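Have a look at run03.txt; it's compact mmCIF, C-alpha atoms and all ligand atoms:
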```txt
# COMPACT_ATOMS: atom_id res chain seq x y z
CA MET A 1 119.68 90.97 101.28
CA ILE A 2 118.42 90.55 97.73
CA VAL A 3 120.39 89.82 94.59
CA ILE A 4 118.81 91.19 91.42
CA LEU A 5 120.00 89.40 88.29
CA ARG A 6 120.40 91.04 84.92
CA MET A 7 117.74 90.40 82.29
CA GLY A 8 118.46 87.17 80.44
CA ALA A 9 120.37 85.53 83.31
CA GLU A 10 120.42 81.74 82.95
CA GLU A 11 119.24 79.03 85.33
CA GLU A 12 122.88 78.05 85.93
CA HIS A 13 123.54 81.61 87.23
CA VAL A 14 120.58 81.33 89.57
CA GLN A 15 121.91 78.03 90.91
CA ARG A 16 125.37 79.50 91.48
CA ILE A 17 123.96 82.24 93.67
CA VAL A 18 121.63 79.86 95.51
CA SER A 19 124.53 77.51 96.29
CA ALA A 20 126.71 80.37 97.54
CA ILE A 21 123.88 81.60 99.80
CA GLU A 22 123.29 78.10 101.17
CA GLU A 23 127.01 77.52 101.72
CA ALA A 24 127.04 80.67 103.86
CA GLY A 25 124.41 78.93 106.03
CA LEU A 26 121.52 81.13 104.84
CA GLY A 27 118.18 80.41 103.24
CA ALA A 28 117.74 81.26 99.55
CA HIS A 29 114.43 82.38 98.07
CA VAL A 30 114.16 82.58 94.30
CA SER A 31 111.50 84.77 92.73
CA ARG A 32 111.25 84.44 88.94
CA GLY A 33 109.51 87.42 87.40
CA GLU A 34 108.62 87.86 83.75
CA GLU A 35 111.59 90.13 83.21
CA ARG A 36 114.09 89.25 85.88
CA THR A 37 114.93 86.87 88.62
CA VAL A 38 115.51 88.09 92.16
CA ILE A 39 117.13 85.93 94.83
CA GLY A 40 116.68 86.67 98.50
CA ALA A 41 119.33 85.64 101.06
CA ILE A 42 117.31 85.16 104.21
CA GLY A 43 118.98 85.63 107.58
CA THR A 44 122.04 87.69 106.60
CA SER A 45 123.75 89.15 109.67
CA PRO A 46 125.28 92.65 109.53
CA GLU A 47 128.76 91.07 109.89
CA MET A 48 128.48 88.80 106.87
CA ARG A 49 126.71 91.33 104.61
CA PRO A 50 129.78 93.23 103.23
CA ARG A 51 131.57 90.03 102.21
CA LEU A 52 128.51 88.55 100.48
CA MET A 53 127.71 91.82 98.76
CA GLU A 54 131.20 92.09 97.37
CA MET A 55 131.13 88.52 96.17
CA PHE A 56 127.78 88.84 94.34
CA GLU A 57 128.41 92.33 92.98
CA GLY A 58 131.52 91.00 91.20
CA LEU A 59 129.48 88.52 89.12
CA PRO A 60 128.74 89.62 85.54
CA PHE A 61 125.13 88.37 85.54
CA VAL A 62 124.24 90.29 88.72
CA ASP A 63 122.62 93.69 88.22
CA ARG A 64 122.76 94.81 91.86
CA VAL A 65 122.74 93.60 95.43
CA VAL A 66 120.54 95.39 97.92
CA PRO A 67 120.60 95.03 101.69
CA VAL A 68 116.95 95.06 102.86
CA LEU A 69 116.30 95.38 106.56
CA LYS A 70 112.51 95.47 106.26
CA PRO A 71 110.52 92.21 106.71
CA TYR A 72 108.98 92.82 103.28
CA LYS A 73 111.75 92.73 100.71
CA LEU A 74 110.72 92.71 97.05
CA VAL A 75 108.03 95.35 97.48
CA SER A 76 110.27 97.63 99.52
CA LEU A 77 111.74 100.89 98.35
CA GLU A 78 115.21 99.53 99.08
CA ALA A 79 114.71 96.83 96.44
CA GLU A 80 113.41 99.32 93.87
CA PRO A 81 114.01 103.00 94.68
CA GLU A 82 111.84 104.35 91.83
CA PRO A 83 108.02 104.19 92.04
CA SER A 84 106.74 101.44 89.75
CA THR A 85 104.09 101.62 87.09
CA VAL A 86 101.71 98.67 86.75
CA GLN A 87 99.87 98.01 83.49
CA VAL A 88 96.33 96.68 83.56
CA GLY A 89 95.15 95.67 80.09
CA GLY A 90 97.28 98.44 78.58
CA VAL A 91 96.24 101.10 81.12
CA SER A 92 99.04 102.40 83.36
CA ILE A 93 98.83 103.02 87.10
CA GLY A 94 101.78 104.87 88.54
CA PRO A 95 103.64 108.14 88.91
CA GLY A 96 102.34 111.19 87.05
CA LEU A 97 98.94 109.59 86.46
CA PHE A 98 95.65 109.34 88.30
CA THR A 99 93.90 106.20 87.12
CA VAL A 100 90.23 105.73 87.89
CA ILE A 101 88.68 102.27 88.24
CA ALA A 102 84.91 102.66 88.36
CA GLY A 103 81.75 100.61 88.08
CA PRO A 104 79.10 98.94 90.19
CA CYS A 105 79.73 97.18 93.49
CA ALA A 106 78.34 93.96 92.01
CA VAL A 107 77.47 92.71 88.56
CA GLU A 108 73.69 92.26 88.89
CA SER A 109 72.43 91.83 85.33
CA GLU A 110 73.48 92.50 81.77
CA GLU A 111 71.33 95.63 81.60
CA GLN A 112 72.70 97.05 84.87
CA LEU A 113 76.34 96.31 84.04
CA MET A 114 76.16 97.69 80.50
CA ALA A 115 74.45 100.87 81.71
CA GLY A 116 77.06 101.28 84.46
CA ALA A 117 79.98 100.59 82.11
CA ARG A 118 78.65 103.03 79.53
CA ALA A 119 78.25 105.73 82.19
CA VAL A 120 81.78 105.36 83.58
CA ARG A 121 83.33 105.11 80.09
CA ASP A 122 81.49 108.26 78.95
CA ALA A 123 82.70 110.14 82.04
CA GLY A 124 86.34 109.15 81.40
CA ALA A 125 87.03 106.19 83.73
CA HIS A 126 90.09 104.17 82.69
CA LEU A 127 89.13 100.74 84.02
CA LEU A 128 85.86 98.96 84.82
CA ARG A 129 85.14 97.34 88.18
CA GLY A 130 82.26 95.05 89.23
CA GLY A 131 82.11 92.11 91.62
CA ALA A 132 81.10 88.67 90.34
CA TYR A 133 82.06 87.03 93.66
CA LYS A 134 80.95 89.28 96.49
CA PRO A 135 82.38 88.91 100.00
CA ARG A 136 79.25 89.54 102.07
CA THR A 137 79.13 89.76 105.84
CA SER A 138 75.82 87.86 105.90
CA PRO A 139 75.36 84.53 104.12
CA TYR A 140 71.82 85.62 103.20
CA ASP A 141 72.94 88.63 101.18
CA PHE A 142 73.48 88.59 97.39
CA GLN A 143 76.72 86.69 96.78
CA GLY A 144 77.25 87.72 93.16
CA LEU A 145 76.51 86.05 89.82
CA GLY A 146 79.74 84.04 89.80
CA GLU A 147 80.99 82.93 86.39
CA GLU A 148 78.01 84.49 84.64
CA GLY A 149 79.16 87.82 86.15
CA LEU A 150 82.65 87.26 84.75
CA ARG A 151 81.20 86.63 81.28
CA LEU A 152 79.20 89.85 81.48
CA LEU A 153 82.31 91.80 82.55
CA ALA A 154 84.21 90.45 79.54
CA ALA A 155 81.30 91.44 77.30
CA ALA A 156 81.33 94.96 78.79
CA ARG A 157 85.06 95.23 78.10
CA GLU A 158 84.36 94.22 74.51
CA GLU A 159 81.61 96.79 74.16
CA PHE A 160 83.22 99.76 75.93
CA GLY A 161 86.95 99.09 75.67
CA LEU A 162 87.67 99.31 79.41
CA PRO A 163 89.92 96.63 80.95
CA VAL A 164 88.28 94.85 83.88
CA VAL A 165 89.20 94.56 87.58
CA THR A 166 87.23 92.01 89.59
CA GLU A 167 87.55 90.13 92.85
CA ALA A 168 88.55 86.51 93.43
CA ARG A 169 87.04 85.64 96.80
CA SER A 170 88.76 82.28 97.15
CA PRO A 171 91.67 80.44 95.51
CA GLU A 172 89.17 78.42 93.42
CA HIS A 173 87.99 81.63 91.72
CA VAL A 174 91.45 82.72 90.60
CA GLU A 175 91.61 80.68 87.41
CA GLY A 176 88.24 81.95 86.14
CA VAL A 177 88.92 85.55 87.13
CA ALA A 178 92.29 85.37 85.37
CA ARG A 179 90.60 84.02 82.24
CA TYR A 180 87.99 86.79 81.97
CA ALA A 181 89.51 89.84 83.67
CA ASP A 182 92.60 92.04 83.39
CA ALA A 183 93.39 92.36 87.11
CA ILE A 184 92.52 90.28 90.14
CA GLN A 185 91.19 92.11 93.19
CA ILE A 186 91.88 90.70 96.64
CA GLY A 187 89.26 92.03 99.06
CA ALA A 188 89.89 93.57 102.46
CA ARG A 189 88.53 90.50 104.27
CA ASN A 190 90.97 88.33 102.34
CA MET A 191 94.12 90.40 102.68
CA GLN A 192 95.71 87.72 104.81
CA ASN A 193 94.34 84.73 102.92
CA PHE A 194 97.82 83.54 102.06
CA ASP A 195 96.73 80.75 99.71
CA LEU A 196 94.67 83.25 97.73
CA LEU A 197 97.57 85.71 97.57
CA THR A 198 99.93 83.01 96.30
CA GLU A 199 97.42 81.67 93.78
CA ALA A 200 96.68 85.17 92.45
CA GLY A 201 100.41 85.94 92.33
CA ARG A 202 101.11 82.82 90.29
CA THR A 203 98.84 83.92 87.45
CA GLY A 204 101.30 86.76 86.70
CA MET A 205 98.31 89.09 86.33
CA PRO A 206 98.08 92.47 88.06
CA VAL A 207 96.71 92.17 91.60
CA VAL A 208 94.76 94.95 93.33
CA LEU A 209 95.41 94.30 97.01
CA LYS A 210 93.00 95.95 99.39
CA ARG A 211 94.11 96.73 102.90
CA GLY A 212 92.35 94.71 105.58
CA PHE A 213 90.29 97.12 107.65
CA SER A 214 92.09 96.21 110.84
CA CYS A 215 95.50 95.54 109.36
CA THR A 216 98.64 97.55 109.86
CA VAL A 217 100.71 98.91 107.02
CA GLU A 218 103.40 96.35 107.77
CA GLU A 219 100.89 93.47 107.56
CA TRP A 220 99.61 94.91 104.29
CA LEU A 221 103.08 95.10 102.76
CA LYS A 222 103.88 91.58 103.96
CA ALA A 223 100.67 90.42 102.24
CA ALA A 224 101.91 92.14 99.06
CA GLU A 225 105.21 90.32 99.55
CA TYR A 226 103.34 86.98 99.26
CA VAL A 227 102.30 87.97 95.73
CA ALA A 228 105.79 89.30 94.92
CA SER A 229 107.50 86.21 96.33
CA VAL A 230 106.05 84.05 93.56
CA GLY A 231 107.51 86.36 90.94
CA ASN A 232 104.66 88.84 90.48
CA LEU A 233 105.44 92.49 91.14
CA ASP A 234 102.37 93.81 89.33
CA ILE A 235 100.65 94.80 92.56
CA ILE A 236 98.48 97.84 93.21
CA LEU A 237 97.82 98.64 96.86
CA CYS A 238 94.33 99.95 97.66
CA GLU A 239 93.51 101.82 100.90
CA ARG A 240 89.80 101.17 101.46
CA GLY A 241 89.30 102.54 104.96
CA VAL A 242 90.03 101.17 108.39
CA ARG A 243 87.68 100.51 111.29
CA THR A 244 87.64 103.18 113.98
CA PHE A 245 85.29 104.15 116.85
CA GLU A 246 83.30 106.43 114.49
CA PRO A 247 79.95 105.03 113.34
CA ALA A 248 79.02 108.09 111.23
CA VAL A 249 81.13 106.72 108.39
CA ARG A 250 81.28 103.06 107.35
CA PHE A 251 85.08 102.97 107.69
CA THR A 252 87.64 105.80 107.91
CA GLN A 253 89.81 106.56 104.90
CA ASP A 254 93.36 106.51 106.19
CA LEU A 255 94.77 109.15 103.87
CA ALA A 256 98.07 109.50 105.73
CA VAL A 257 99.12 106.02 104.64
CA ILE A 258 99.38 107.25 101.04
CA PRO A 259 102.53 109.35 101.66
CA LEU A 260 103.61 106.92 104.38
CA VAL A 261 103.61 103.89 102.06
CA ARG A 262 105.30 106.02 99.39
CA GLY A 263 108.31 106.12 101.71
CA LEU A 264 108.28 102.33 102.25
CA SER A 265 107.33 100.71 98.94
CA HIS A 266 107.69 101.31 95.22
CA LEU A 267 104.21 99.87 94.52
CA PRO A 268 101.44 102.12 93.22
CA ILE A 269 98.77 102.94 95.77
CA ILE A 270 95.15 103.94 95.16
CA CYS A 271 92.18 104.85 97.40
CA ASP A 272 88.68 103.42 97.57
CA PRO A 273 86.55 106.27 98.96
CA SER A 274 83.31 104.31 98.44
CA HIS A 275 83.87 101.54 100.99
CA ALA A 276 85.87 103.93 103.17
CA SER A 277 82.98 106.34 103.66
CA GLY A 278 79.88 104.29 102.87
CA ARG A 279 78.06 107.52 101.90
CA ARG A 280 77.87 108.86 98.38
CA ASP A 281 77.94 112.50 99.53
CA LEU A 282 81.46 111.94 100.90
CA VAL A 283 82.91 110.07 97.92
CA SER A 284 83.82 113.08 95.75
CA PRO A 285 85.49 115.22 98.45
CA VAL A 286 87.45 112.23 99.77
CA SER A 287 88.48 111.36 96.19
CA ARG A 288 89.87 114.84 95.69
CA ALA A 289 91.75 114.54 98.98
CA ALA A 290 93.24 111.23 97.77
CA LEU A 291 94.49 112.93 94.61
CA ALA A 292 95.93 115.82 96.61
CA VAL A 293 97.73 113.54 99.09
CA GLY A 294 99.49 111.65 96.30
CA ALA A 295 97.40 108.57 95.48
CA ASP A 296 97.91 107.03 92.05
CA GLY A 297 94.21 106.58 91.45
CA LEU A 298 90.81 105.55 92.74
CA LEU A 299 88.54 102.55 92.95
CA VAL A 300 85.03 103.99 93.04
CA GLU A 301 81.56 102.49 92.94
CA VAL A 302 79.09 103.84 90.38
CA HIS A 303 75.65 102.33 89.72
CA PRO A 304 73.13 103.33 87.03
CA ASP A 305 70.36 103.29 89.66
CA PRO A 306 71.89 103.05 93.16
CA ASP A 307 68.52 103.02 94.94
CA ARG A 308 67.88 99.61 93.39
CA ALA A 309 71.38 98.21 93.91
CA ARG A 310 71.61 94.72 95.40
CA CYS A 311 74.60 95.73 97.56
CA ASP A 312 76.08 98.93 98.95
CA PRO A 313 73.25 101.20 97.70
CA ALA A 314 74.16 104.15 99.95
CA GLN A 315 77.70 104.58 98.67
CA GLN A 316 77.41 104.07 94.92
CA LEU A 317 77.56 107.27 92.88
CA ARG A 318 74.87 108.13 90.36
CA PRO A 319 76.26 108.46 86.81
CA GLU A 320 75.95 112.26 86.82
CA GLN A 321 77.73 112.49 90.18
CA PHE A 322 80.58 110.40 88.81
CA ALA A 323 80.84 112.64 85.73
CA GLY A 324 81.04 115.65 88.08
CA LEU A 325 83.75 113.92 90.13
CA MET A 326 85.83 113.21 87.00
CA ASP A 327 85.53 116.88 85.93
CA SER A 328 86.69 118.08 89.32
CA LEU A 329 89.61 115.61 89.35
CA ARG A 330 90.72 116.85 85.93
CA GLY A 331 90.62 120.39 87.29
CA LEU A 332 92.78 119.50 90.27
CA ALA A 333 95.24 117.03 88.76
CA GLY A 334 97.49 119.56 87.03
CA ALA A 335 98.14 121.33 90.32
CA VAL A 336 99.61 118.15 91.81
CA GLY A 337 101.57 117.10 88.72
CA ARG A 338 99.28 114.33 87.51
CA SER A 339 96.99 113.74 84.60
CA VAL A 340 93.61 112.03 84.83
C1 LIG B 1 84.74 95.68 96.72
O1 LIG B 1 85.53 96.55 96.33
O2 LIG B 1 83.91 95.16 95.99
C2 LIG B 1 84.79 95.24 98.14
C3 LIG B 1 84.04 94.23 98.56
O3 LIG B 1 85.60 95.97 98.91
P1 LIG B 1 86.36 95.57 100.28
O4 LIG B 1 87.02 94.26 100.07
O5 LIG B 1 87.34 96.71 100.41
O6 LIG B 1 85.32 95.58 101.36
MN MN B 2 80.82 97.44 97.45
```

Please go through the file and, once you have read it, give me the structure as structure tokens.
Amino acid sequence: MIVILRMGAEEEHVQRIVSAIEEAGLGAHVSRGEERTVIGAIGTSPEMRPRLMEMFEGLPFVDRVVPVLKPYKLVSLEAEPEPSTVQVGGVSIGPGLFTVIAGPCAVESEEQLMAGARAVRDAGAHLLRGGAYKPRTSPYDFQGLGEEGLRLLAAAREEFGLPVVTEARSPEHVEGVARYADAIQIGARNMQNFDLLTEAGRTGMPVVLKRGFSCTVEEWLKAAEYVASVGNLDIILCERGVRTFEPAVRFTQDLAVIPLVRGLSHLPIICDPSHASGRRDLVSPVSRAALAVGADGLLVEVHPDPDRARCDPAQQLRPEQFAGLMDSLRGLAGAVGRSV
């Protein structure tokens, strides 16, 4: 059960609820968000629920009390029945919109990043992506430019006006990423790195949480709950493909989870068709399918010269392909009640 306090509730109100929860023999979990504080009563039995609900609902500083049966609480639809909108550097991701995050897989050089950023800005992307810390399967592959990559991303934001989304690969990267970027990406291989989730959550910055490629929806939402549990509900879920028996694609975009998660969580959810397919010829059709099935946006890789890319060359779109994709999304969006 969660108790959602009204805006402006005082610390003394929080303590009153916590004491009442503890006196009932339950655990209390306080999550202090920027706007409101939410207190979870952990371990409520069905018998005690009506009495506790009545008690808390009668308090003037309580907005509402919600019984949540799911193991993930704050990110669940029970806690917040309306779909949420998350702001990244002034750009919204949420209902009625289709927000496109685009840019190279990795920041490789100033020239490459600026050319990529210019191309995606000219085609109408809303946010810029680019990895400074790359999670590579082999230790001998390009690992990213690190802090120099972050500086280049900030310079690209300055030049082209697109807020930046970039990955923190370990808890030590979070502080730097938070300093230079507008949203922190948690990669698929790190979805259950709980220290990283907590550290990213604590910054209060938007977090793009990729689904681990062999993780269930419930595990994914529990990972999101780690971020939420430290008071940060600015989370964007990103379906980036799951591993199946099929080697013809790099991963398999699990499009059904878009409407599925819609029925479980209020968080916005986007698709990454680039890592999901691994082939640039599939990226545009899968992107259109993501829009049609109800995704709130895309994370898509675009490189000024993909044949020379230092990672993921086969899946990065050429600038003109990305411009064509954006045109086709604009054509389709109206039919599904969204604007690109
Ligand atoms: C990425 O988007 O840069 C990335 C590495 O993706 P994933 O974590 O989904 O593999
Ligand atoms: Mn990539």

Show me, as a CSV table (one decimal) with C-alpha atoms, in the coordinates of the input, the residues that have an atom within 12 Å of Tyr133 (chain A) when counting all atoms listed in the file, minus same-chain residues fewer than 6 positions from it.
```csv
chain,number,residue,atom,x,y,z
A,105,CYS,CA,79.7,97.2,93.5
A,106,ALA,CA,78.3,94.0,92.0
A,107,VAL,CA,77.5,92.7,88.6
A,108,GLU,CA,73.7,92.3,88.9
A,141,ASP,CA,72.9,88.6,101.2
A,142,PHE,CA,73.5,88.6,97.4
A,143,GLN,CA,76.7,86.7,96.8
A,144,GLY,CA,77.2,87.7,93.2
A,145,LEU,CA,76.5,86.0,89.8
A,146,GLY,CA,79.7,84.0,89.8
A,147,GLU,CA,81.0,82.9,86.4
A,148,GLU,CA,78.0,84.5,84.6
A,149,GLY,CA,79.2,87.8,86.2
A,150,LEU,CA,82.6,87.3,84.8
A,166,THR,CA,87.2,92.0,89.6
A,167,GLU,CA,87.6,90.1,92.8
A,168,ALA,CA,88.6,86.5,93.4
A,169,ARG,CA,87.0,85.6,96.8
A,170,SER,CA,88.8,82.3,97.2
A,171,PRO,CA,91.7,80.4,95.5
A,172,GLU,CA,89.2,78.4,93.4
A,173,HIS,CA,88.0,81.6,91.7
A,174,VAL,CA,91.4,82.7,90.6
A,176,GLY,CA,88.2,82.0,86.1
A,177,VAL,CA,88.9,85.6,87.1
A,184,ILE,CA,92.5,90.3,90.1
A,185,GLN,CA,91.2,92.1,93.2
A,186,ILE,CA,91.9,90.7,96.6
A,187,GLY,CA,89.3,92.0,99.1
```

So, counting all atoms listed in the file, which residue among A:Pro268, A:Asn193, A:Arg51, A:Pro163 is closest to Gly297 (chain A)?
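Of A:Pro268, A:Asn193, A:Arg51, A:Pro163, the one nearest Gly297 (chain A) is A:Pro268, counting all atoms listed in the file.
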
Using all atoms listed in the file, what are the residues with an atom within 6 Å of ligand LIG 1 (chain B), set out as number ranges by chain?
A: 105, 131, 135, 187-189, 210, 240, 275

Quick one: everything within 7 Å of Leu237 (chain A), counting only C-alpha atoms, minus sequence neighbours fewer than 5 positions away in the same chain. Send it as a list in words.
Val208, Leu209, Lys210, Leu267, Pro268, Ile269 and Ile270 of chain A

Which polymer residues, protein or nucleic acid, are no farther than 9 Å from (117.2, 83.4, 98.6), counting all atoms listed in the file, as an MDAnalysis selection string?
chainID A and resid 1:3 17:18 21:22 26:31 38:42

Kindly compile the residues surrounding ligand MN 2 (chain B) within 9 Å, counting all atoms listed in the file, and format them as a ChimeraX atom specification.
/A:104-106,130-131,134,274-275,278,300-301,311-313,315-316

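Every protein, DNA or RNA residue with an atom at most 9 Å from Met191 (chain A), where all atoms listed in the file count and chain neighbours fewer than 5 positions away do not, is listed here: Ile186, Leu196, Leu197, Leu209, Lys210, Arg211, Gly212, Cys215, Glu219, Trp220, Ala223 and Ala224 of chain A.
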
Write out the residues from the selection above, keeping C-alpha atoms, as a PDB file, in the frame of the given file.
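Saved file out.pdb follows:
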```
ATOM      1  CA  ILE A 186      91.880  90.700  96.640  1.00  0.00           C
ATOM      2  CA  LEU A 196      94.670  83.250  97.730  1.00  0.00           C
ATOM      3  CA  LEU A 197      97.570  85.710  97.570  1.00  0.00           C
ATOM      4  CA  LEU A 209      95.410  94.300  97.010  1.00  0.00           C
ATOM      5  CA  LYS A 210      93.000  95.950  99.390  1.00  0.00           C
ATOM      6  CA  ARG A 211      94.110  96.730 102.900  1.00  0.00           C
ATOM      7  CA  GLY A 212      92.350  94.710 105.580  1.00  0.00           C
ATOM      8  CA  CYS A 215      95.500  95.540 109.360  1.00  0.00           C
ATOM      9  CA  GLU A 219     100.890  93.470 107.560  1.00  0.00           C
ATOM     10  CA  TRP A 220      99.610  94.910 104.290  1.00  0.00           C
ATOM     11  CA  ALA A 223     100.670  90.420 102.240  1.00  0.00           C
ATOM     12  CA  ALA A 224     101.910  92.140  99.060  1.00  0.00           C
TER      13      ALA A 224
END
```

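Among the candidates A:Val217, A:Leu77, A:Ala125, A:Val340, the residue lying nearest to Phe322 (chain A) is A:Ala125 (atoms considered: all atoms listed in the file).
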
Taking all atoms listed in the file into account, which of A:Met205, A:Val293, A:Leu325, A:Val336 comes nearest Asp234 (chain A)?
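Ranked by minimum distance to Asp234 (chain A), first place goes to A:Met205.
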
Just checking: using only C-alpha atoms, which residue out of A:Ala289, A:Val165, A:Ala228, A:Ile236 ends up closest to Gln253 (chain A)?
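Closest residue, counting only C-alpha atoms: A:Ala289.
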
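For the pair CA of Glu82 (chain A) and CA of His266 (chain A), the interatomic distance is 6.2 Å.
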
Rank nothing, just name the residue among A:Gly90, A:Gly103, A:Pro81, A:Pro285 nearest to Leu317 (chain A), using all atoms listed in the file.
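The shortest atom-to-atom distance to Leu317 (chain A) comes from A:Gly103.
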
Report, in Å with one decimal, the straight-line distance from CA of Phe194 (chain A) to CA of Glu35 (chain A).
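Between CA of Phe194 (chain A) and CA of Glu35 (chain A) the gap is 24.3 Å.
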
CA of Glu320 (chain A) to CA of Val91 (chain A) measures 23.8 Å
